[in-house]
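So the structure is just underneath, and the comments pick up after that.
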Amino acid sequence: CAPCSGAMVEEMCASESLDEVVVFFYNPNIHPRKEYEIRKEENKRFCEKINVPFIDCDYDVENWYARMKGMEYDPERGHRCTECFDMRMERCALYAHEHGFDAIATTNATSRWKDAKQVDDSGFRAAARYDGLKYWAYDWQSDEMTMRKYQISANERFYKQEYCGCSYSLRDSNDWRKANGIPKIQIGGETAGLGDRYFSDPLVDAQEESQDVVDEFFAQANELAEAAGKSVSERKKALKVYKDRRKAEACDGKVNGLNNW
């Protein structure tokens, strides 16, 4: 999506070792369709502005759900996410092979919300399917690249995404918000469920997604998965823990976890 593309695409376009950079948009995980179209159209507009070709691949949502079957309650960064990365990187690698590209990469590797090794491993597996195709691994999460990402996002006033993208992420994020007394995620519109609708200040935006905030989110996601597994009733019980915990933190003046994705 555009917020994760900005600095990465800029860096690639400036590289003397690359002849051509193309953005390949294949994200059948994004739900609902309204959110998918918002993210796709924004990325397309950005690519047009910087003269980078944009490949609009199919919204292959039925196959995505079929591949994720049985992993509906996996935590973020769990096996479901690996399968999701694999599916998208495999399709990207196929396109690259069929159209004569030498290398592939993914903007998923730029986000602090993603495990870089998990993402890179999917990229390496996908590229290994075809002779002569390489996966470009790079430290896209460095402090310099991360700040540049927020600067571009603020300059372009990119749409702030409040969750990763899939229906399971949307469900879990809204469950967690409800337990913490936070308004639910808003799809589109000029008002976000939490915080600003658009990126506007690099320093403030970066703080909302600081490493401490990210670490807290995943620690709680893993706690919930371990405590509840696939049981909906156990998930509801486990979520009640955070309701009281957030009240206590509010009294202490802490705001960790009150963030956009």
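Ordered as shown in the structure tokens, chains take letters A, B, and onward, while each chain numbers its residues from 1 and ligands are numbered from 1 in the order shown.
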
Spatial neighbours of Glu62 of chain A, max dist 10 Å, only C-alpha atoms, sep filter under 3 positions, as an MDAnalysis selection string
chainID A and resid 28:29 59 65:67

Contacts of segment 7-12 of chain A within 10 Å, only C-alpha atoms, excl. fewer than 3 positions in-chain, as JSON, numbers by chain:
{"A": [2, 3, 4, 15, 16, 17, 18, 19, 20, 21, 22, 23, 47, 50, 52, 105, 106, 107, 109, 110, 138, 140, 141, 144, 145, 146, 147, 148, 149, 150, 151, 152, 153]}

Nearest candidate to Cys166 of chain A (options A:Ala179, A:Val232, A:Ala14, A:Cys84; using only C-alpha atoms):
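Closest candidate: A:Cys84.
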
Enter the distance from atom CA of Val204 of chain A to atom CA of Asp143 of chain A, in Å, rounded to one decimal.
14.9 Å

Every residue of segment 35-215 of chain A that DSSP places in alpha helix (DSSP H), as a PyMOL selection string:
chain A and resi 35-49+61-68+79-98+116-127+143-156+167-179+202-208+211-215

Let me make sure I understand: among A:Asn222, A:Asn155, A:Ser5, A:Asn108, which one has the smallest atom-to-atom distance to Tyr73 of chain A if we use only C-alpha atoms?
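When distances to Tyr73 of chain A are compared using only C-alpha atoms, the smallest one comes from A:Asn222.
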
Output as a Markdown table one row per residue of segment 126-161 of chain A within 7 Å of segment 190-199 of chain A: the closest atom pair and its distance in Å to one decimal place, counting only C-alpha atoms, sorted by chain and residue number ascending.
```
| residue | atom | partner | partner_atom | distance |
| --- | --- | --- | --- | --- |
| A:Ser153 | CA | A:Phe199 | CA | 5.8 |
| A:Ala154 | CA | A:Phe199 | CA | 4.6 |
| A:Arg157 | CA | A:Phe199 | CA | 5.1 |
| A:Phe158 | CA | A:Tyr198 | CA | 5.5 |
| A:Tyr159 | CA | A:Tyr198 | CA | 4.7 |
| A:Lys160 | CA | A:Tyr198 | CA | 5.1 |
```

Generate a file of the selected residues that holds N, CA and C atoms, formatted as a compact mmCIF listing (two decimals), in the first residue's frame.
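The resulting result_5.txt:
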```txt
# COMPACT_ATOMS: atom_id res chain seq x y z
N SER A 153 4.72 10.05 3.44
CA SER A 153 3.31 9.84 3.76
C SER A 153 2.63 11.13 4.18
N ALA A 154 3.35 11.96 4.94
CA ALA A 154 2.80 13.24 5.38
C ALA A 154 2.70 14.21 4.20
N ARG A 157 -0.13 13.17 2.17
CA ARG A 157 -1.36 13.00 2.95
C ARG A 157 -2.01 11.65 2.66
N PHE A 158 -1.20 10.60 2.81
CA PHE A 158 -1.71 9.25 2.58
C PHE A 158 -2.75 8.88 3.64
N TYR A 159 -3.66 8.04 3.23
CA TYR A 159 -4.73 7.48 4.08
C TYR A 159 -4.10 6.62 5.17
N LYS A 160 -4.50 6.85 6.43
CA LYS A 160 -3.99 6.04 7.53
C LYS A 160 -4.82 4.76 7.68
```

Calculated over only C-alpha atoms, which of the candidates A:Pro75, A:Gly181, A:Gly70, A:Gly165 has the smallest distance to Glu35 of chain A?
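Distance minimum relative to Glu35 of chain A lands on A:Gly165.
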
Quick one: pull the distance between atom CA of Tyr26 of chain A and atom CA of Cys92 of chain A, Å, one decimal.
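Value for the atom CA of Tyr26 of chain A-atom CA of Cys92 of chain A distance: 7.6 Å.
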
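Here atom CA of Ile55 of chain A and atom CA of Arg91 of chain A stand 12.2 Å from one another.
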
I want to know what sits within 10 Å of Phe101 of chain A, based on only C-alpha atoms, with residues of the same chain fewer than 5 positions away left out; could you give that as a VMD selection string?
chain A and resid 20 to 22 93 to 96 132 to 134

Select from segment 98-233 of chain A everything DSSP, run on the backbone, classes as strand (DSSP E), then give the selection as a ChimeraX atom specification.
/A:103-104,134-135

Keeping all heavy atoms for every residue in the selection just given, could you write it to a file as an mmCIF file, in the first residue's frame?
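Output below, filename out14.cif:
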```cif
data_model
loop_
_atom_site.group_PDB
_atom_site.id
_atom_site.type_symbol
_atom_site.label_atom_id
_atom_site.label_comp_id
_atom_site.auth_asym_id
_atom_site.auth_seq_id
_atom_site.Cartn_x
_atom_site.Cartn_y
_atom_site.Cartn_z
ATOM 1 N N ALA A 103 14.286 -9.450 -10.601
ATOM 2 C CA ALA A 103 14.195 -9.453 -9.142
ATOM 3 C C ALA A 103 12.818 -9.007 -8.666
ATOM 4 O O ALA A 103 12.095 -8.307 -9.381
ATOM 5 C CB ALA A 103 15.266 -8.547 -8.537
ATOM 6 N N ILE A 104 12.463 -9.426 -7.450
ATOM 7 C CA ILE A 104 11.234 -9.012 -6.790
ATOM 8 C C ILE A 104 11.568 -8.515 -5.390
ATOM 9 O O ILE A 104 12.614 -8.838 -4.826
ATOM 10 C CB ILE A 104 10.197 -10.157 -6.704
ATOM 11 C CG1 ILE A 104 10.794 -11.358 -5.936
ATOM 12 C CG2 ILE A 104 9.735 -10.569 -8.093
ATOM 13 C CD1 ILE A 104 9.789 -12.482 -5.678
ATOM 14 N N LYS A 134 15.664 -13.307 -8.503
ATOM 15 C CA LYS A 134 16.196 -13.052 -7.170
ATOM 16 C C LYS A 134 15.184 -12.273 -6.321
ATOM 17 O O LYS A 134 14.386 -11.498 -6.851
ATOM 18 C CB LYS A 134 17.495 -12.250 -7.249
ATOM 19 C CG LYS A 134 18.622 -12.975 -7.972
ATOM 20 C CD LYS A 134 19.880 -12.115 -8.007
ATOM 21 C CE LYS A 134 21.020 -12.829 -8.708
ATOM 22 N NZ LYS A 134 22.248 -11.993 -8.766
ATOM 23 N N TYR A 135 15.262 -12.500 -5.024
ATOM 24 C CA TYR A 135 14.507 -11.680 -4.074
ATOM 25 C C TYR A 135 15.464 -10.670 -3.473
ATOM 26 O O TYR A 135 16.525 -11.027 -2.955
ATOM 27 C CB TYR A 135 13.892 -12.535 -2.964
ATOM 28 C CG TYR A 135 13.249 -11.699 -1.874
ATOM 29 C CD1 TYR A 135 12.062 -11.018 -2.104
ATOM 30 C CD2 TYR A 135 13.856 -11.572 -0.615
ATOM 31 C CE1 TYR A 135 11.484 -10.222 -1.123
ATOM 32 C CE2 TYR A 135 13.281 -10.794 0.381
ATOM 33 C CZ TYR A 135 12.092 -10.122 0.122
ATOM 34 O OH TYR A 135 11.532 -9.333 1.095
#
```

Restricting the calculation to only C-alpha atoms: of A:Glu48, A:Asp212, A:Asp58, A:Glu162, which residue gets closest to Gln186 of chain A?
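That would be A:Glu162, the residue with the smallest distance to Gln186 of chain A.
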
Using only C-alpha atoms, which of the listed residues (A:Arg235, A:Cys1, A:Arg80, A:Cys13) sits closest to Ser169 of chain A?
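Result for the nearest residue to Ser169 of chain A: A:Arg80.
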